[in-house]
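To start, the structure itself, in structure tokens.
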Amino acid sequence: MIICSIQLIFFCIKRQLNRFNIEIVHESIETKPGNSLKSRLEESVGVIVSHCYQCGKCTAGCPLNEDMDIKPNQVLRMLQAELPGYEDKLLSSLSIWLCLACDTCYSRCPQEVKLSQVMDFLRQESVRQNKVNPKAKDILSFHKAFLETIEKNGKLNEVWLTLNYKLKTLNMIQDVQKAPSMFFKGKLNPIPSRIQHVKEMEKIFQRISENEGGDK
Amino acid sequence: MARIGVFICHCGENISATVDVAKVAEEAAKMPGVAYAMDYKYMCSDPGQTKIIEAIKEHKLTGIVVGACSPRMHEATFRKAAEKGGINPFLCEIANLREQVSWVHPRTEATTRKAIDIVRTIVNKVSKDTPLFPIKVPVTKTALVIGGGIAGIQAALDIANAGHQVIMVEKSPSIGGHMSQLSETFPTLDCSQCILTPRMVEVAQHPNITLHTFAEVESVSGFVGNFDVKVRLKARSVDMSKCTGCGTCWQKCPSKKIPDEFNAGLSYRTAIYSPFPQAVPNKPVIDRANCNYFQKGKCGICKKVCPAGAIDYEMEDEIIDIKVGAIVTATGFDIKHTDFFPEYGYGEFKDVIDGLQFERLASASGPTSGEIRRPSDGKIPEKIVFLACSGSRDKAKGIEYCSKICCMYTAKHAMLYKHKHHEGNAYVFYMDIRSAGKNYDEFVRRAIEEDDVHYIRGRVSRIYEKDGKLIVKGVDTLMNAEPVEIEADMVVLATAVVANPDAESVAQKMHISYDKHHFFAEAHPKLRPVETNTAGIMLAGACQTAKDIPDTVSQASAAASKIMGLFSSDEMTREPVVAVVNRCMPPLFTTCTGCLLCLEVCPYHAIEREEIKDRRTGEILKVAAKVNAGLCQGCGTCVAFCRNKSIDLQGFSNQQMLSEVVALLNKPF
Amino acid sequence: MKVGFYPGCSLEGSSKEYSKSLFAVSEKCGITLEEIKDWSCCGASAAHSLNHDLSIALPARTLALAEKQGLSEIVIPCAACYGRLAASQQAILNDKAILEKTEKYIDMAFTGNVQLLTVFEFLQKYIFPVADQYIVDKLNQKTACYYGCLLARPKDLTKLERPENPMEMEKVMEKAGATPIDWAFKTECCGAGFSMSRTDLVAKLSGRILEDAAERGADSIIVACPMCHSNLDLRRPEIKKQLKKDINIPVLFITQALGLSMGISAKELGLDKHFVPTGKAVSCIVKKEA
């Protein structure tokens with residue numbers, strides 16, 4: 001059992017090292033008129049930022065409003081204003097990573113602005129432009145660990161995800177005390193379950209990353 | 001041979017920016033029958049009209065075409081000019097080069113070509129035009145006012161005071177409308193009932209006003225000056241001529257748990273009831289749906305106790321026919337209720353109330369005698385939160401418009417609360433403060449500055465109940481969008497103003513148009529705000545759009561003055577665009593075969609059966625259709641249905657329409 | 001009767017008891033669940049956070065497989081998976097360009113003719129018509145029905161009648177002989193996927209939910225989402241630290257609660273797999289009066 005776990009850890013470290021070669025390529029995008037964050041958002045997601053009339057209902061209902069550095073309505077405000085400096089501030093904010101996509105904002109928005117989709121877009125843009133807020137690193141690491149796990153296995157295995165995440169964040173102690181009891185309750189499968197056609201999964205990831213290269 | 005003049009208007013730059021107007025005039029001059037063509041910057045202006053008049057005289061024109069804006073805008077203007085020039089006004093036609101060309105196309109050659117084509121069709125039509133003469137019809141100088149709220153009351157009194165007869169129809173048992181439910185009115189804080197009830201009494205006592213309460217309009221037919229209206233007098237179950245309004249019946253009525261509409265559901269009434277003590281007429285009706293006698297066949301107490309013997313269970317609805325010359329539609333509005341707001345508890349929290357309920361709480365005649373108390377436990381709220389824009393300006397809820405009155409009445413509510421409870425805290429969540437109006441903004445400032453009402457800019461996301469408090473989750477967008485959570489004792493939603501639930505069916509009965517929110521449509525948003533598209537039917541008050549009392553009263557008086565204008569002469573002229581059945585020499589008399597299909601399809605009942613008789617013997621030679629020019633609205637349905645083309649619409653005859661098409665088909669390429 | 005089934009990753013791992021109890025209840029009522037062969041992960045919040053196309057393509061693969069397998073309906077007990085699959089299906093059906101792009105990514109045809117069922121819809125459609133004959137016990141306790149985000153929002157996907165105060169779960173619990181309480185946090189967010197990355201925020205949000213349920217006297221909390229369950233159950237020590245008080249209300253999956261009323265044993269329903277002991281909820285149960 002223990003040997004098994006150690007092997008697993010080593011395997012993960014190895015994979016992690018390999019991964020450095022294919023880290024997401026960061027790039028800087030110049031802000032030109034017509035190529036503003038707002039116009040790219042409107043084009044790719046279809047959310048029209050000017051629909052927001054700043055009533056603040058989104059922020060009022062947001063479960064994490066207190067923890068956000070830029071409140072949900074202010075995120076839209078900054079997109080609307082298109083003033084110099086706003087884009088950087090937005091892309092390096094913590095808020096865009098704190099959004100849980102619970103959709104409380106959208107469900108009550110009088111103007112039906114799909115804010116969670118705006119947040120998704122800003123997250124992706126923040127990664128692309130290498131502007132991720134340092135405080136959001138754990139969240140990003142988790143998302144990355146998650147996607148890597150399913151790219152390799154087709155489905156999630158919580159042990160793998162956890163180990164992968166721990167390697168990324170070097171936060172080894174967290175939740176260690178939970179592992180034994182989870183294991184004995186049969187909730188942890190140390191042997192990663194995989195889908196039959198794992199290759200298909202890798203291909204999907206590959207095609208999408210190629211297509212995005214083509215879009216640029 | 002026709003001598004037609006063509007006048008192309010630039011409409012400032014409205015037309016000339018996209019259409020090569022000089023080219024249009026130049027091409028028009030070459031069209032067959034055209035004797036003169038020109039273009040000018042503003043054809044509708046005085047110098048423009050003078051040019052038309054002079055051209056008619058100088059070039060001996062027999063007809064004119066004006067290429068300008070929509071005929072709805074200036075057809076009448078140019079026809080008057082044609083008449084001044086000495087030709088029959090119906091020989092002047094409009095080619096719509098603005099709405100149909102310049103406003104909808106870019107500046108290209110094709111756009112100019114389209115303009116030329118439109119002019120060509122109209123020129124050909126004018127060459128087939130015949131002189132027409134206005135029709136004169138008598139006017140019934142009685143007005144019908146539908147709705148007995150402040151709008152209807154004002155309009156009725158104005159018309160009646162001018163010496164004309166007025167019939168008022170109100171669907172509820174008393175007149176007074178929403179205004180009778182209000183506590184104080186902004187921006188003066190004078191008592192609503194104090195200023196309204198004298199007017200209500202005046203209506204009841206006015207010699208020129210006939211009042212039908214508990215009555216509804218069934219149908220409207222006819223036309224301006226001569227409407228035939230059927231009114232349903234709903235069975236009151238109380239003989240109005242015997243009842244003295246003593247009140248014994250409703251004191252003894254055993255069904256006491258019916259939500260009271262007048263108190264916005266905050267108290268109960270009996271099954272036989274008069275809505276409120278100042279009701280006009282102050283005589284009760286039986287609400288049959290909630291009456292034991294009508295539902296279960298047992299009871300009959302009111303009949304036993306009535307000292308005047310006025311209770312009549314056998315009374316039936318009665319339909320009366322009335323003839324009126326003009327109608328004021330003043331059917332009022334409704335508000336959204338608290339159950340419209342899922343995020344504020346689906347109307348299930350008793351202490352979340354709407355604005356009208358607050359009015360009743362604040363009103364001296366209300367269920368708490370003017371003390372502001374929570375509906376749940378009767379306690380005086382220490383913290384009260386007002387939410388402006390509840391449902392208004394909310395596309396997601398299907399109401400994108402501003403309800404206009406809420407900013408003001410919310411300031412009033414907060415003020416009334418603070419005046420009664422100096423120690424209490426009042427908060428107002430708002431998006432914008434819209435207080436345009438005489439002394440309005442000063443009023444809102446007074447609430448903030450003198451009465452210490454806390455205004456917070458932001459919308460509330462959610463309200464929930466916990467330990468007898470209402471947790472209000474809002475935001476202060478002026479304070480870095482800080483979340484705000486208030487533990488309130490009571491919440492008042494300034495809910496959206498909406499059309500009455502039966503507005504659509506009322507509009508259909510009256511043949512007037514309405515918008516997607518079922519507010520009635522005015523004939524022109526700026527220049528004809530009190531008329532509808534149906535001649536002779538006016539609008540007053542909030543049935544058109546959300547309005548406060550001053551605006552409502554102004555519009556009601558305006559509607560009244562329109563009607564007084566209509567009643568100022570004994571007969572009125574109508575456009576001669578009506579259908580006619582052709583006539584020819586005997587032995588045919590007419591090509592009409594008397595199938596009378598037209599009679600069946602005419603929506604205005606304007607077609608009659610006519611017997612053509614031998615003058616000497618009285619023998620019936622032929623049966624044919626005949627159009628009553630007074631009733632005909634010129635819709636053309638009969639023309640479309642006539643099997644052998646024996647009916648034509650004057651001004652739009654088959655031949656005239658065909659000539660327009662032919663002009664297009666035969667155009668030189 | 002056969003119904004398609006998409007378990008999703010959690011139901012094979014940390015929420016095995018959800019799957020176990022769903023199968024137990026279905027079996028009792030004569031419903032066979034047919035798993036989509038070689039299904040893969042829906043992508044969860046990681047995919048839509050980092051890559052829009054991926055968040056559509058991952059669920060699309062599974063849906064295309066279900067189509068291939070000839071399943072006309074699939075039940076997706078995990079609220080998060082349901083949300084992703086339904087959103088993906090909707091996005092593809094609403095936009096031809098997305099359809100073409102996605103078909104290329106997954107290298108399979110996609111028609112979108114598989115009907116997706118939430119656990120409520122499944123219970124309503126297949127279990128409710130026959131449930132009464134199998135319900136032998138009364139849960140006899142106050143339950144706080146907790147929907148979280150993904151069962152209530154966005155409303156066009158979840159199809160709830162009253163998204164701000166849904167009653168679908170309450171109807172199930174009433175059938176099972178429980179008394180659902182009226183409470184304020186049924187559709188508030190538990191912290192969802194932050195379980196590992198921002199445990200502090202999960203403790204805060206889940207703490208509020210737990211506190212309201214406790215203050216209003218709930219004996220148990222009923223959930224229908226593995227994420228909600230693990231945040232409310234597994235994260236109880238962190239919540240305790242946050243609230244500075246110990247709340248020991250057990251958290252049951254809706255299918256476990258329903259299973260209990262059908263006389264299925266606690267072990268068969270996986271009630272032993274919880275971190276917060278479930279004995280309190282089980283001990284309330286009484287025989288249903290005939």
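Every chain in the structure tokens has a letter given in the order shown (A, B, ...), and although residue numbers restart at 1 in each chain, ligands are simply numbered from 1 in the order shown.
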
Report as a PyMOL selection string all protein, DNA and RNA residues lying within 7 Å of stretch 261-274 of chain B, evaluated on only C-alpha atoms, omitting residues in the same chain fewer than 6 positions from it. chain B and resi 181+249-250+253+255+282-287+290-291+356-357+360+366-367

Create the file for the chosen residues now, containing N, CA and C atoms and written as a PDB file, in the first residue's frame.
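The result, stored in out10.pdb:
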ATOM      1  N   GLN B 181     -57.466  55.508  -2.675  1.00  0.00           N
ATOM      2  CA  GLN B 181     -56.743  54.632  -1.750  1.00  0.00           C
ATOM      3  C   GLN B 181     -55.497  55.306  -1.161  1.00  0.00           C
ATOM      4  N   CYS B 249     -77.046  46.065   6.546  1.00  0.00           N
ATOM      5  CA  CYS B 249     -76.757  44.800   5.870  1.00  0.00           C
ATOM      6  C   CYS B 249     -75.310  44.374   6.061  1.00  0.00           C
ATOM      7  N   TRP B 250     -74.371  45.277   5.835  1.00  0.00           N
ATOM      8  CA  TRP B 250     -72.988  44.816   5.918  1.00  0.00           C
ATOM      9  C   TRP B 250     -72.526  44.636   7.364  1.00  0.00           C
ATOM     10  N   CYS B 253     -73.793  40.962   7.919  1.00  0.00           N
ATOM     11  CA  CYS B 253     -73.375  39.902   6.983  1.00  0.00           C
ATOM     12  C   CYS B 253     -72.412  38.943   7.667  1.00  0.00           C
ATOM     13  N   SER B 255     -70.413  36.596   6.265  1.00  0.00           N
ATOM     14  CA  SER B 255     -69.165  36.307   5.538  1.00  0.00           C
ATOM     15  C   SER B 255     -68.234  37.492   5.726  1.00  0.00           C
ATOM     16  N   ASN B 282     -72.734  55.590  -2.176  1.00  0.00           N
ATOM     17  CA  ASN B 282     -72.449  54.821  -0.963  1.00  0.00           C
ATOM     18  C   ASN B 282     -73.552  53.805  -0.708  1.00  0.00           C
ATOM     19  N   LYS B 283     -73.752  52.958  -1.700  1.00  0.00           N
ATOM     20  CA  LYS B 283     -74.768  51.923  -1.572  1.00  0.00           C
ATOM     21  C   LYS B 283     -74.098  50.595  -1.908  1.00  0.00           C
ATOM     22  N   PRO B 284     -74.409  49.554  -1.161  1.00  0.00           N
ATOM     23  CA  PRO B 284     -73.633  48.314  -1.282  1.00  0.00           C
ATOM     24  C   PRO B 284     -73.953  47.483  -2.520  1.00  0.00           C
ATOM     25  N   VAL B 285     -73.100  46.505  -2.764  1.00  0.00           N
ATOM     26  CA  VAL B 285     -73.368  45.471  -3.765  1.00  0.00           C
ATOM     27  C   VAL B 285     -73.132  44.133  -3.060  1.00  0.00           C
ATOM     28  N   ILE B 286     -73.684  43.080  -3.625  1.00  0.00           N
ATOM     29  CA  ILE B 286     -73.380  41.745  -3.089  1.00  0.00           C
ATOM     30  C   ILE B 286     -72.334  41.114  -4.003  1.00  0.00           C
ATOM     31  N   ASP B 287     -71.220  40.692  -3.372  1.00  0.00           N
ATOM     32  CA  ASP B 287     -70.170  39.983  -4.093  1.00  0.00           C
ATOM     33  C   ASP B 287     -70.611  38.513  -4.143  1.00  0.00           C
ATOM     34  N   ASN B 290     -68.623  35.336  -3.206  1.00  0.00           N
ATOM     35  CA  ASN B 290     -68.282  35.087  -1.815  1.00  0.00           C
ATOM     36  C   ASN B 290     -69.498  35.107  -0.887  1.00  0.00           C
ATOM     37  N   CYS B 291     -70.694  35.106  -1.466  1.00  0.00           N
ATOM     38  CA  CYS B 291     -71.902  35.224  -0.651  1.00  0.00           C
ATOM     39  C   CYS B 291     -72.481  33.835  -0.370  1.00  0.00           C
ATOM     40  N   LEU B 356     -48.957  50.286  -2.643  1.00  0.00           N
ATOM     41  CA  LEU B 356     -50.367  50.576  -2.393  1.00  0.00           C
ATOM     42  C   LEU B 356     -50.770  50.123  -0.986  1.00  0.00           C
ATOM     43  N   GLN B 357     -50.175  49.007  -0.541  1.00  0.00           N
ATOM     44  CA  GLN B 357     -50.451  48.542   0.818  1.00  0.00           C
ATOM     45  C   GLN B 357     -49.900  49.537   1.838  1.00  0.00           C
ATOM     46  N   ARG B 360     -52.254  52.343   2.271  1.00  0.00           N
ATOM     47  CA  ARG B 360     -53.372  52.027   3.158  1.00  0.00           C
ATOM     48  C   ARG B 360     -52.937  52.056   4.621  1.00  0.00           C
ATOM     49  N   GLY B 366     -57.328  53.885   6.776  1.00  0.00           N
ATOM     50  CA  GLY B 366     -56.852  52.528   6.520  1.00  0.00           C
ATOM     51  C   GLY B 366     -57.069  51.578   7.682  1.00  0.00           C
ATOM     52  N   PRO B 367     -56.606  50.346   7.536  1.00  0.00           N
ATOM     53  CA  PRO B 367     -56.865  49.300   8.526  1.00  0.00           C
ATOM     54  C   PRO B 367     -56.186  49.557   9.879  1.00  0.00           C
TER      55      PRO B 367
END

Give me, as a list of chain:residue names, the residues of chain B touching chain A, with the criterion being at most 6 Å (counting only C-alpha atoms).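 Listed by rising number, the hits are B:Asp394, B:Lys395, B:Ala396, B:Met431, B:Gly458, B:Arg459, B:Val460, B:Ser461, B:Lys473, B:Gly474, B:Val475, B:Pro483.
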
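Set the cut-off at 6 Å, count only C-alpha atoms, and the residues of chain C near chain A turn out to be Cys9, Gly13, Ser14, Asp38, Ser40, Cys41, Ala46, Ser49, Leu50, Tyr105, Ile106, Cys149, Ser197 and Lys273 of chain C.
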
Export, as a compact mmCIF listing (two decimals), in the first residue's frame, the selected residues with all heavy atoms.
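Everything below was put into again.txt:
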# COMPACT_ATOMS: atom_id res chain seq x y z
N CYS C 9 -17.40 11.47 -12.37
CA CYS C 9 -16.25 10.98 -11.60
C CYS C 9 -16.52 10.84 -10.11
O CYS C 9 -16.13 9.86 -9.49
CB CYS C 9 -15.06 11.91 -11.81
SG CYS C 9 -14.73 12.26 -13.54
N GLY C 13 -15.96 7.88 -6.89
CA GLY C 13 -14.93 8.10 -5.88
C GLY C 13 -15.54 8.56 -4.58
O GLY C 13 -16.17 7.79 -3.86
N SER C 14 -15.42 9.87 -4.33
CA SER C 14 -15.79 10.38 -3.02
C SER C 14 -17.29 10.28 -2.73
O SER C 14 -17.69 10.40 -1.59
CB SER C 14 -15.31 11.83 -2.89
OG SER C 14 -15.86 12.59 -3.94
N ASP C 38 -17.81 3.83 -21.65
CA ASP C 38 -16.59 4.60 -21.80
C ASP C 38 -16.80 6.11 -21.66
O ASP C 38 -16.13 6.90 -22.31
CB ASP C 38 -15.90 4.29 -23.14
CG ASP C 38 -14.39 4.55 -23.05
OD1 ASP C 38 -13.82 4.25 -21.99
OD2 ASP C 38 -13.82 5.07 -24.04
N SER C 40 -16.63 9.86 -20.20
CA SER C 40 -15.48 10.57 -19.64
C SER C 40 -15.95 11.77 -18.82
O SER C 40 -17.14 12.10 -18.81
CB SER C 40 -14.54 11.02 -20.76
OG SER C 40 -15.27 11.65 -21.78
N CYS C 41 -15.00 12.41 -18.20
CA CYS C 41 -15.29 13.53 -17.28
C CYS C 41 -15.94 14.70 -18.02
O CYS C 41 -15.65 14.97 -19.17
CB CYS C 41 -13.99 13.99 -16.62
SG CYS C 41 -14.15 15.48 -15.62
N ALA C 46 -13.08 23.42 -13.91
CA ALA C 46 -11.74 23.66 -14.46
C ALA C 46 -11.82 23.96 -15.96
O ALA C 46 -11.19 24.89 -16.46
CB ALA C 46 -10.86 22.45 -14.21
N SER C 49 -13.38 27.31 -16.76
CA SER C 49 -12.54 28.41 -16.28
C SER C 49 -11.36 28.65 -17.21
O SER C 49 -10.91 29.76 -17.37
CB SER C 49 -11.98 28.09 -14.90
OG SER C 49 -13.00 28.23 -13.94
N LEU C 50 -10.84 27.59 -17.79
CA LEU C 50 -9.59 27.73 -18.54
C LEU C 50 -9.77 27.62 -20.05
O LEU C 50 -8.93 28.11 -20.79
CB LEU C 50 -8.56 26.70 -18.05
CG LEU C 50 -8.08 26.86 -16.62
CD1 LEU C 50 -6.98 25.87 -16.32
CD2 LEU C 50 -7.59 28.29 -16.35
N TYR C 105 -13.72 18.32 -33.01
CA TYR C 105 -12.90 18.03 -31.82
C TYR C 105 -13.08 16.60 -31.35
O TYR C 105 -12.12 15.90 -31.03
CB TYR C 105 -13.28 18.97 -30.66
CG TYR C 105 -12.89 20.41 -30.83
CD1 TYR C 105 -13.64 21.42 -30.23
CD2 TYR C 105 -11.75 20.78 -31.56
CE1 TYR C 105 -13.29 22.75 -30.37
CE2 TYR C 105 -11.40 22.11 -31.71
CZ TYR C 105 -12.18 23.09 -31.11
OH TYR C 105 -11.84 24.40 -31.24
N ILE C 106 -14.36 16.17 -31.28
CA ILE C 106 -14.59 14.84 -30.68
C ILE C 106 -14.57 13.75 -31.74
O ILE C 106 -14.61 12.57 -31.42
CB ILE C 106 -15.91 14.80 -29.87
CG1 ILE C 106 -17.12 15.09 -30.78
CG2 ILE C 106 -15.87 15.78 -28.71
CD1 ILE C 106 -18.46 14.88 -30.08
N CYS C 149 -26.24 25.62 -5.95
CA CYS C 149 -26.36 26.43 -7.18
C CYS C 149 -26.87 25.64 -8.35
O CYS C 149 -27.80 26.04 -9.04
CB CYS C 149 -25.00 26.97 -7.61
SG CYS C 149 -24.01 27.57 -6.30
N SER C 197 -8.71 24.16 -3.08
CA SER C 197 -7.86 25.32 -3.34
C SER C 197 -8.14 26.49 -2.40
O SER C 197 -7.25 27.27 -2.12
CB SER C 197 -8.01 25.77 -4.80
OG SER C 197 -9.35 25.90 -5.14
N LYS C 273 -20.49 5.56 4.94
CA LYS C 273 -19.36 6.21 4.27
C LYS C 273 -19.25 7.70 4.60
O LYS C 273 -18.38 8.38 4.07
CB LYS C 273 -19.49 6.03 2.75
CG LYS C 273 -19.39 4.57 2.34
CD LYS C 273 -19.28 4.42 0.85
CE LYS C 273 -19.21 2.96 0.44
NZ LYS C 273 -18.08 2.24 1.03

Shell around A:Leu37 at 10 Å using only C-alpha atoms, local window under 5 positions removed, as a ChimeraX atom specification: /A:29,31-32,42-43,79-80,82,86-88,90-91,121-122,125

Write the residues you've just listed into a file as an mmCIF file, in the first residue's frame, and include N, CA and C atoms for each of them.
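The result, written out as again.cif:
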data_model
loop_
_atom_site.group_PDB
_atom_site.id
_atom_site.type_symbol
_atom_site.label_atom_id
_atom_site.label_comp_id
_atom_site.auth_asym_id
_atom_site.auth_seq_id
_atom_site.Cartn_x
_atom_site.Cartn_y
_atom_site.Cartn_z
ATOM 1 N N ILE A 29 -0.778 40.789 -25.387
ATOM 2 C CA ILE A 29 -1.644 41.270 -26.455
ATOM 3 C C ILE A 29 -1.729 42.778 -26.358
ATOM 4 N N THR A 31 -3.163 46.419 -26.737
ATOM 5 C CA THR A 31 -4.507 46.957 -26.780
ATOM 6 C C THR A 31 -4.595 47.996 -27.880
ATOM 7 N N LYS A 32 -5.297 47.621 -28.901
ATOM 8 C CA LYS A 32 -5.519 48.578 -29.996
ATOM 9 C C LYS A 32 -7.000 48.899 -30.010
ATOM 10 N N GLU A 42 -16.970 40.625 -26.241
ATOM 11 C CA GLU A 42 -18.279 40.649 -26.888
ATOM 12 C C GLU A 42 -18.296 39.747 -28.108
ATOM 13 N N GLU A 43 -17.149 39.707 -28.789
ATOM 14 C CA GLU A 43 -17.097 38.883 -29.990
ATOM 15 C C GLU A 43 -17.069 37.398 -29.636
ATOM 16 N N LEU A 79 -14.983 47.166 -17.730
ATOM 17 C CA LEU A 79 -15.039 46.783 -19.143
ATOM 18 C C LEU A 79 -15.758 47.857 -19.950
ATOM 19 N N GLN A 80 -16.802 48.419 -19.362
ATOM 20 C CA GLN A 80 -17.575 49.445 -20.063
ATOM 21 C C GLN A 80 -16.734 50.682 -20.336
ATOM 22 N N GLU A 82 -13.482 51.215 -20.577
ATOM 23 C CA GLU A 82 -12.348 51.077 -21.495
ATOM 24 C C GLU A 82 -11.293 52.155 -21.272
ATOM 25 N N TYR A 86 -7.288 49.920 -16.902
ATOM 26 C CA TYR A 86 -8.361 49.075 -16.374
ATOM 27 C C TYR A 86 -8.158 47.602 -16.751
ATOM 28 N N GLU A 87 -7.719 47.377 -17.985
ATOM 29 C CA GLU A 87 -7.609 45.991 -18.445
ATOM 30 C C GLU A 87 -6.626 45.214 -17.593
ATOM 31 N N ASP A 88 -5.458 45.806 -17.349
ATOM 32 C CA ASP A 88 -4.438 45.126 -16.548
ATOM 33 C C ASP A 88 -4.949 44.849 -15.148
ATOM 34 N N LEU A 90 -7.934 44.498 -14.176
ATOM 35 C CA LEU A 90 -8.967 43.475 -14.221
ATOM 36 C C LEU A 90 -8.365 42.081 -14.363
ATOM 37 N N LEU A 91 -7.418 41.972 -15.303
ATOM 38 C CA LEU A 91 -6.848 40.653 -15.586
ATOM 39 C C LEU A 91 -5.956 40.170 -14.453
ATOM 40 N N PHE A 121 -14.192 34.173 -19.420
ATOM 41 C CA PHE A 121 -13.376 34.800 -20.463
ATOM 42 C C PHE A 121 -12.177 35.523 -19.858
ATOM 43 N N LEU A 122 -12.429 36.260 -18.780
ATOM 44 C CA LEU A 122 -11.345 37.034 -18.169
ATOM 45 C C LEU A 122 -10.270 36.110 -17.577
ATOM 46 N N GLU A 125 -8.213 34.875 -20.431
ATOM 47 C CA GLU A 125 -7.387 35.975 -20.934
ATOM 48 C C GLU A 125 -6.241 36.265 -19.956
#

Residues of chain C within 9 Å of chain B, counting only C-alpha atoms, as JSON, numbers by chain: {"C": [162, 163, 164, 165, 183, 184, 212]}

Assign secondary structure with DSSP using the backbone only, and return the residues of stretch 417-526 of chain B in helix (DSSP H, G or I) as a list in words.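 Result set for stretch 417-526 of chain B (helix (DSSP H, G or I)): Tyr417, Lys418, His419, Lys420, Tyr440, Asp441, Glu442, Phe443, Val444, Arg445, Arg446, Ala447, Ile448, Glu449, Ala503, Glu504, Ser505, Val506, Ala507, Gln508, Lys509 and Met510 of chain B.
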
Do you know which residues are at most 12 Å from C:Lys101 counting only C-alpha atoms, after dropping those on the same chain fewer than 6 positions away, and could you put them as a list in words? Ile204, Arg207, Ile208, Asn211 and Glu212 of chain A; Asp53, Leu54, Ile56, Ala57, Ala60, Ala91, Ile92, Asp95, Asp107, Met108, Ala109 and Phe110 of chain C

Let me see the file: selected residues, N, CA and C atoms, as a short mmCIF file (atom, residue, chain, number, x, y, z; two decimals), in the first residue's frame.
data_model
loop_
_atom_site.label_atom_id
_atom_site.label_comp_id
_atom_site.auth_asym_id
_atom_site.auth_seq_id
_atom_site.Cartn_x
_atom_site.Cartn_y
_atom_site.Cartn_z
N ILE A 204 -8.68 15.05 -28.24
CA ILE A 204 -9.59 16.20 -28.08
C ILE A 204 -8.79 17.40 -27.58
N ARG A 207 -6.51 18.63 -30.44
CA ARG A 207 -7.20 19.35 -31.51
C ARG A 207 -7.60 20.76 -31.06
N ILE A 208 -8.06 20.85 -29.83
CA ILE A 208 -8.48 22.16 -29.34
C ILE A 208 -7.29 23.10 -29.25
N ASN A 211 -6.34 24.14 -32.74
CA ASN A 211 -7.30 25.08 -33.31
C ASN A 211 -7.11 26.48 -32.74
N GLU A 212 -6.84 26.54 -31.43
CA GLU A 212 -6.62 27.85 -30.82
C GLU A 212 -5.39 28.51 -31.38
N ASP C 53 -13.81 26.09 -25.34
CA ASP C 53 -14.09 25.01 -26.29
C ASP C 53 -14.06 23.65 -25.60
N LEU C 54 -13.09 23.52 -24.69
CA LEU C 54 -12.94 22.26 -23.98
C LEU C 54 -14.17 21.99 -23.12
N ILE C 56 -17.09 22.64 -23.73
CA ILE C 56 -18.21 22.14 -24.55
C ILE C 56 -17.88 20.77 -25.11
N ALA C 57 -16.61 20.58 -25.48
CA ALA C 57 -16.23 19.33 -26.15
C ALA C 57 -16.25 18.13 -25.19
N ALA C 60 -19.62 16.88 -24.67
CA ALA C 60 -20.13 16.46 -25.96
C ALA C 60 -19.68 15.04 -26.30
N ALA C 91 -25.49 24.85 -25.83
CA ALA C 91 -24.61 25.70 -26.65
C ALA C 91 -24.48 25.13 -28.06
N ILE C 92 -24.36 23.81 -28.15
CA ILE C 92 -24.18 23.19 -29.46
C ILE C 92 -25.45 23.32 -30.30
N ASP C 95 -26.12 26.85 -31.84
CA ASP C 95 -25.18 27.50 -32.74
C ASP C 95 -24.52 26.46 -33.64
N ASP C 107 -14.53 14.15 -33.00
CA ASP C 107 -14.47 13.21 -34.10
C ASP C 107 -15.65 12.23 -34.05
N MET C 108 -16.81 12.76 -33.73
CA MET C 108 -18.02 11.94 -33.67
C MET C 108 -19.18 12.83 -34.08
N ALA C 109 -20.27 12.19 -34.54
CA ALA C 109 -21.45 12.96 -34.90
C ALA C 109 -22.22 13.32 -33.64
N PHE C 110 -22.88 14.46 -33.66
CA PHE C 110 -23.65 14.92 -32.49
C PHE C 110 -25.02 15.40 -32.96
#

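The nearest approach to A:Asn130 among the residues A:Ile48, A:Ser92, A:Leu115, A:Met172, with only C-alpha atoms taken into account, belongs to A:Ser92.
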
Which polymer residues have any atom within 6 Å of an atom of C:Val223, counting only C-alpha atoms, with same-chain residues fewer than 2 positions away left out, as a PyMOL selection string? chain C and resi 146+225+253-254

Within 8 Å of stretch 88-92 of chain B, counting only C-alpha atoms, which residues show up once you throw out same-chain ones fewer than 2 positions away? Write them as JSON, numbers by chain, please. {"B": [62, 63, 64, 65, 66, 78, 79, 80, 81, 82, 83, 86, 94, 126, 129, 130, 131, 132, 651]}
